[in-house]
Amino acid sequence: MTTSSPIIPFPTPGTVLTSARGSYTIGTLIGDGQYGSVYEAVGPFDQVYALKMFRPANRHYETVKMEWSAEMKRLESYRHPNIVYIYDAFESNFLFYIALERCDTSLRVLTTQAFPDDVVVELTRQLLVALDYLHDNGLVHSDLHGGNVLISNVEALFRRSSDRAPAVVKITDFGVSHQLESDNWFRPQVANPKILTPELVTAGYTTRQSDLYQLGLLMFAMHTGESAIPEGTSYADLTRSIAEGFPRQRAEALGTPIGNVIAKLLRRRDAYRYQLARDVWDDLRQAGKGVASVGPASLR
């Protein structure tokens, strides 16, 4: 007679998890995906954290452990004001966790309507700073979407007063990021269908310019309140639209200075996009001149 493997229960509100650095009391679920769930948790010194649990998702224990270890090491290695901060990492009852700084919200939650131009410029500026840092260190994020862009002090975004701390953008989730070695491209094993890039669709590879393409998709959503490819598009239509340059065409049709920057980010061939995050900013700061700024004094 054989016995089945025990079912490992996921944490629920009130569950207490213990690491070498202290205990975490689970609160509400604030994010959920195929391979991870994020809970609000109260940890050591009564500080509030975002506690990410790596979902087994019918994968082998060692596979999940390797994914957890890789993301933990990347977050520990890449310390930057615009990258989410890691405080702790531990295993509890055969599940793996990372304790991260708790931010106010995600960009996905906010992009239900178009942002003012100055807000688009400032959020993009901070994303470019983070991407410039990652790319200079040979890392491609490869999963840049609204759910992985977090914002702290979000109320400052739409307040014209400068008497309080500004909003801060934080990139998170480095689960599919990749360190470039001698080559300037790699073939990812996992890809989010909602943010596929033309080079991944047509040739199966990803580069630094792929991050910039995904940034263009984020900017389109911020600038218009809509996705560059309509929600509900079938996978076959999605890949065809990307390969044929439909997102770029939509950006060009906007006829705005920011739309022109987005269109260049969304070019089908990565060689014809911006090559560096700094190049994007050179054009975007010109596009943003003349609008009230929530960011650096250079735009005022």
# chains A, B, ... in the order shown; residues from 1 in each chain; ligands from 1

call {"tool": "select_by_dssp", "arguments": {"residues": "stretch 224-275 of chain A", "states": "helix (DSSP H, G or I)", "output": "PDB file with C-alpha atoms, in the first residue's frame"}}
result
ATOM      1  CA  THR A 224      -3.197  56.509 -22.027  1.00  0.00           C
ATOM      2  CA  TYR A 235      -2.274  34.397 -27.666  1.00  0.00           C
ATOM      3  CA  ALA A 236      -2.106  33.878 -31.445  1.00  0.00           C
ATOM      4  CA  ASP A 237      -3.351  37.422 -32.124  1.00  0.00           C
ATOM      5  CA  LEU A 238      -1.053  38.765 -29.412  1.00  0.00           C
ATOM      6  CA  THR A 239       2.114  37.286 -30.905  1.00  0.00           C
ATOM      7  CA  ARG A 240       1.091  38.364 -34.418  1.00  0.00           C
ATOM      8  CA  SER A 241       0.395  41.924 -33.232  1.00  0.00           C
ATOM      9  CA  ILE A 242       3.784  42.129 -31.529  1.00  0.00           C
ATOM     10  CA  ALA A 243       5.637  40.699 -34.522  1.00  0.00           C
ATOM     11  CA  PHE A 246       1.042  46.993 -33.559  1.00  0.00           C
ATOM     12  CA  PRO A 247       2.089  48.532 -30.180  1.00  0.00           C
ATOM     13  CA  ARG A 248       4.508  50.912 -31.929  1.00  0.00           C
ATOM     14  CA  GLN A 249       1.810  51.932 -34.410  1.00  0.00           C
ATOM     15  CA  ARG A 250      -0.574  52.768 -31.563  1.00  0.00           C
ATOM     16  CA  ALA A 251       2.104  54.860 -29.851  1.00  0.00           C
ATOM     17  CA  GLU A 252       2.855  56.773 -33.055  1.00  0.00           C
ATOM     18  CA  ALA A 253      -0.869  57.461 -33.525  1.00  0.00           C
ATOM     19  CA  LEU A 254      -0.990  59.284 -30.181  1.00  0.00           C
ATOM     20  CA  PRO A 257       5.905  64.106 -27.501  1.00  0.00           C
ATOM     21  CA  ILE A 258       5.788  61.323 -24.898  1.00  0.00           C
ATOM     22  CA  GLY A 259       4.062  59.061 -27.426  1.00  0.00           C
ATOM     23  CA  ASN A 260       6.993  59.558 -29.791  1.00  0.00           C
ATOM     24  CA  VAL A 261       9.431  58.353 -27.110  1.00  0.00           C
ATOM     25  CA  ILE A 262       7.191  55.349 -26.451  1.00  0.00           C
ATOM     26  CA  ALA A 263       7.069  54.542 -30.168  1.00  0.00           C
ATOM     27  CA  LYS A 264      10.873  54.364 -30.358  1.00  0.00           C
ATOM     28  CA  LEU A 265      10.943  52.092 -27.315  1.00  0.00           C
ATOM     29  CA  ASP A 270      15.911  45.829 -30.841  1.00  0.00           C
ATOM     30  CA  ALA A 271      18.860  47.329 -32.737  1.00  0.00           C
ATOM     31  CA  TYR A 272      16.657  50.311 -33.716  1.00  0.00           C
TER      32      TYR A 272
END

call {"tool": "residues_around", "arguments": {"residues": "stretch 65-80 of chain A", "least_positions_apart": "6", "cutoff": "8 Å", "atoms": "only C-alpha atoms", "output": "list in words"}}
result
Phe54, Ile86, Ala89, Phe96, Tyr97, Ile98, Ala130, Leu134, Asp173, Phe174 and Gly175 of chain A

call {"tool": "residues_around", "arguments": {"residues": "stretch 127-129 of chain A", "least_positions_apart": "4", "cutoff": "10 Å", "atoms": "only C-alpha atoms", "output": "list of chain:residue names"}}
result
A:His80, A:Pro81, A:Asn82, A:Ile83, A:Val121, A:Glu122, A:Leu123, A:Tyr133, A:Leu134, A:Leu144, A:Val149, A:Val168, A:Val169, A:Lys170, A:Ile171, A:Leu212, A:Leu215, A:Leu276, A:Ala277, A:Arg278, A:Asp279, A:Val280, A:Trp281

call {"tool": "write_last_selection", "arguments": {"atoms": "N, CA and C atoms", "output": "PDB file, in the first residue's frame"}}
result
ATOM      1  N   HIS A  80      19.848  49.243  -4.428  1.00  0.00           N
ATOM      2  CA  HIS A  80      19.643  50.513  -5.126  1.00  0.00           C
ATOM      3  C   HIS A  80      18.352  51.133  -4.611  1.00  0.00           C
ATOM      4  N   PRO A  81      18.258  52.462  -4.524  1.00  0.00           N
ATOM      5  CA  PRO A  81      17.038  53.104  -4.015  1.00  0.00           C
ATOM      6  C   PRO A  81      15.779  52.758  -4.802  1.00  0.00           C
ATOM      7  N   ASN A  82      15.921  52.379  -6.079  1.00  0.00           N
ATOM      8  CA  ASN A  82      14.750  52.063  -6.904  1.00  0.00           C
ATOM      9  C   ASN A  82      14.576  50.565  -7.119  1.00  0.00           C
ATOM     10  N   ILE A  83      15.187  49.763  -6.255  1.00  0.00           N
ATOM     11  CA  ILE A  83      14.988  48.312  -6.250  1.00  0.00           C
ATOM     12  C   ILE A  83      14.502  47.925  -4.865  1.00  0.00           C
ATOM     13  N   VAL A 121       6.488  61.289 -16.683  1.00  0.00           N
ATOM     14  CA  VAL A 121       7.914  61.602 -16.812  1.00  0.00           C
ATOM     15  C   VAL A 121       8.671  61.203 -15.545  1.00  0.00           C
ATOM     16  N   GLU A 122       8.126  61.546 -14.380  1.00  0.00           N
ATOM     17  CA  GLU A 122       8.856  61.258 -13.143  1.00  0.00           C
ATOM     18  C   GLU A 122       8.924  59.755 -12.846  1.00  0.00           C
ATOM     19  N   LEU A 123       7.827  59.030 -13.023  1.00  0.00           N
ATOM     20  CA  LEU A 123       7.865  57.582 -12.793  1.00  0.00           C
ATOM     21  C   LEU A 123       8.829  56.905 -13.759  1.00  0.00           C
ATOM     22  N   TYR A 133      21.165  51.109 -13.810  1.00  0.00           N
ATOM     23  CA  TYR A 133      21.987  50.432 -12.807  1.00  0.00           C
ATOM     24  C   TYR A 133      22.070  48.927 -13.087  1.00  0.00           C
ATOM     25  N   LEU A 134      20.932  48.302 -13.362  1.00  0.00           N
ATOM     26  CA  LEU A 134      20.920  46.857 -13.633  1.00  0.00           C
ATOM     27  C   LEU A 134      21.714  46.533 -14.890  1.00  0.00           C
ATOM     28  N   LEU A 144       9.286  43.098 -16.678  1.00  0.00           N
ATOM     29  CA  LEU A 144       8.922  44.436 -16.237  1.00  0.00           C
ATOM     30  C   LEU A 144       7.468  44.727 -16.618  1.00  0.00           C
ATOM     31  N   VAL A 149       6.238  46.781 -10.523  1.00  0.00           N
ATOM     32  CA  VAL A 149       6.689  48.150 -10.255  1.00  0.00           C
ATOM     33  C   VAL A 149       5.883  48.672  -9.073  1.00  0.00           C
ATOM     34  N   VAL A 168       8.398  57.241  -4.556  1.00  0.00           N
ATOM     35  CA  VAL A 168       9.579  56.474  -4.945  1.00  0.00           C
ATOM     36  C   VAL A 168       9.144  55.186  -5.632  1.00  0.00           C
ATOM     37  N   VAL A 169       9.727  54.937  -6.806  1.00  0.00           N
ATOM     38  CA  VAL A 169       9.443  53.731  -7.580  1.00  0.00           C
ATOM     39  C   VAL A 169      10.418  52.629  -7.170  1.00  0.00           C
ATOM     40  N   LYS A 170       9.899  51.400  -7.061  1.00  0.00           N
ATOM     41  CA  LYS A 170      10.730  50.254  -6.689  1.00  0.00           C
ATOM     42  C   LYS A 170      10.439  49.099  -7.646  1.00  0.00           C
ATOM     43  N   ILE A 171      11.469  48.584  -8.295  1.00  0.00           N
ATOM     44  CA  ILE A 171      11.308  47.383  -9.121  1.00  0.00           C
ATOM     45  C   ILE A 171      11.456  46.157  -8.237  1.00  0.00           C
ATOM     46  N   LEU A 212      13.790  47.665 -22.225  1.00  0.00           N
ATOM     47  CA  LEU A 212      13.337  48.979 -22.680  1.00  0.00           C
ATOM     48  C   LEU A 212      12.018  48.865 -23.442  1.00  0.00           C
ATOM     49  N   LEU A 215       9.471  48.607 -20.844  1.00  0.00           N
ATOM     50  CA  LEU A 215       9.278  49.950 -20.299  1.00  0.00           C
ATOM     51  C   LEU A 215       8.332  50.748 -21.188  1.00  0.00           C
ATOM     52  N   LEU A 276      20.483  52.586 -24.642  1.00  0.00           N
ATOM     53  CA  LEU A 276      20.760  52.771 -23.221  1.00  0.00           C
ATOM     54  C   LEU A 276      19.602  53.505 -22.549  1.00  0.00           C
ATOM     55  N   ALA A 277      19.400  53.222 -21.269  1.00  0.00           N
ATOM     56  CA  ALA A 277      18.374  53.937 -20.510  1.00  0.00           C
ATOM     57  C   ALA A 277      18.644  55.434 -20.513  1.00  0.00           C
ATOM     58  N   ARG A 278      19.927  55.819 -20.495  1.00  0.00           N
ATOM     59  CA  ARG A 278      20.273  57.237 -20.508  1.00  0.00           C
ATOM     60  C   ARG A 278      19.836  57.916 -21.806  1.00  0.00           C
ATOM     61  N   ASP A 279      19.847  57.164 -22.915  1.00  0.00           N
ATOM     62  CA  ASP A 279      19.394  57.724 -24.193  1.00  0.00           C
ATOM     63  C   ASP A 279      17.892  58.027 -24.149  1.00  0.00           C
ATOM     64  N   VAL A 280      17.146  57.158 -23.479  1.00  0.00           N
ATOM     65  CA  VAL A 280      15.698  57.385 -23.339  1.00  0.00           C
ATOM     66  C   VAL A 280      15.456  58.695 -22.589  1.00  0.00           C
ATOM     67  N   TRP A 281      16.202  58.884 -21.509  1.00  0.00           N
ATOM     68  CA  TRP A 281      16.000  60.081 -20.694  1.00  0.00           C
ATOM     69  C   TRP A 281      16.346  61.353 -21.457  1.00  0.00           C
TER      70      TRP A 281
END

call {"tool": "residues_around", "arguments": {"residues": "A:Ser152", "least_positions_apart": "6", "cutoff": "6 Å", "atoms": "only C-alpha atoms", "output": "VMD selection string"}}
result
chain A and resid 103 to 104 167 to 168

call {"tool": "atom_distance", "arguments": {"atom1": "atom CA of A:Gln113", "atom2": "atom CA of A:Ser210"}}
result
25.1 Å

call {"tool": "residues_around", "arguments": {"residues": "stretch 30-44 of chain A", "least_positions_apart": "2", "cutoff": "8 Å", "atoms": "only C-alpha atoms", "output": "ChimeraX atom specification"}}
result
/A:21-28,46-57,102

call {"tool": "atom_distance", "arguments": {"atom1": "atom CA of A:Thr63", "atom2": "atom CA of A:Pro193"}}
result
22.0 Å

call {"tool": "residues_around", "arguments": {"residues": "A:His145", "least_positions_apart": "2", "cutoff": "8 Å", "atoms": "only C-alpha atoms", "output": "MDAnalysis selection string"}}
result
chainID A and resid 108 143 147:149 195 214:215 218

call {"tool": "write_last_selection", "arguments": {"atoms": "C-alpha atoms", "output": "mmCIF file, in the first residue's frame"}}
result
data_model
loop_
_atom_site.group_PDB
_atom_site.id
_atom_site.type_symbol
_atom_site.label_atom_id
_atom_site.label_comp_id
_atom_site.auth_asym_id
_atom_site.auth_seq_id
_atom_site.Cartn_x
_atom_site.Cartn_y
_atom_site.Cartn_z
ATOM 1 C CA ARG A 108 -0.842 47.957 -12.147
ATOM 2 C CA ASP A 143 9.659 40.726 -16.433
ATOM 3 C CA GLY A 147 2.646 44.327 -10.954
ATOM 4 C CA ASN A 148 6.422 44.356 -10.556
ATOM 5 C CA VAL A 149 6.689 48.150 -10.255
ATOM 6 C CA ILE A 195 4.741 41.597 -22.072
ATOM 7 C CA GLN A 214 8.691 46.469 -21.692
ATOM 8 C CA LEU A 215 9.278 49.950 -20.299
ATOM 9 C CA LEU A 218 4.440 50.511 -19.131
#

call {"tool": "residues_around", "arguments": {"residues": "A:Tyr213", "least_positions_apart": "6", "cutoff": "8 Å", "atoms": "only C-alpha atoms", "output": "MDAnalysis selection string"}}
result
chainID A and resid 197 265:267

call {"tool": "write_last_selection", "arguments": {"atoms": "N, CA and C atoms", "output": "JSON list (two decimals), in the first residue's frame"}}
result
[["chain", "number", "residue", "atom", "x", "y", "z"],
["A", 197, "THR", "N", 8.21, 40.43, -26.06],
["A", 197, "THR", "CA", 8.92, 41.38, -26.92],
["A", 197, "THR", "C", 9.06, 40.78, -28.32],
["A", 265, "LEU", "N", 10.72, 53.22, -28.22],
["A", 265, "LEU", "CA", 10.94, 52.09, -27.31],
["A", 265, "LEU", "C", 10.29, 50.81, -27.83],
["A", 266, "LEU", "N", 9.21, 50.95, -28.60],
["A", 266, "LEU", "CA", 8.43, 49.80, -29.04],
["A", 266, "LEU", "C", 8.76, 49.38, -30.48],
["A", 267, "ARG", "N", 9.87, 49.82, -31.01],
["A", 267, "ARG", "CA", 10.25, 49.38, -32.35],
["A", 267, "ARG", "C", 10.48, 47.87, -32.37]]

call {"tool": "closest_residue", "arguments": {"among": "A:Leu131, A:Ala20, A:Met222, A:Ile8", "to": "A:Asp118", "atoms": "only C-alpha atoms"}}
result
A:Met222

call {"tool": "closest_residue", "arguments": {"among": "A:Thr206, A:Arg269, A:Met219, A:Leu150", "to": "A:Thr105", "atoms": "only C-alpha atoms"}}
result
A:Leu150

call {"tool": "select_by_dssp", "arguments": {"residues": "stretch 86-291 of chain A", "states": "strand (DSSP E or B)", "output": "MDAnalysis selection string"}}
result
chainID A and resid 86:92 95:101 105:106 139:140 149:152 168:171 178:179 185:186 206:207
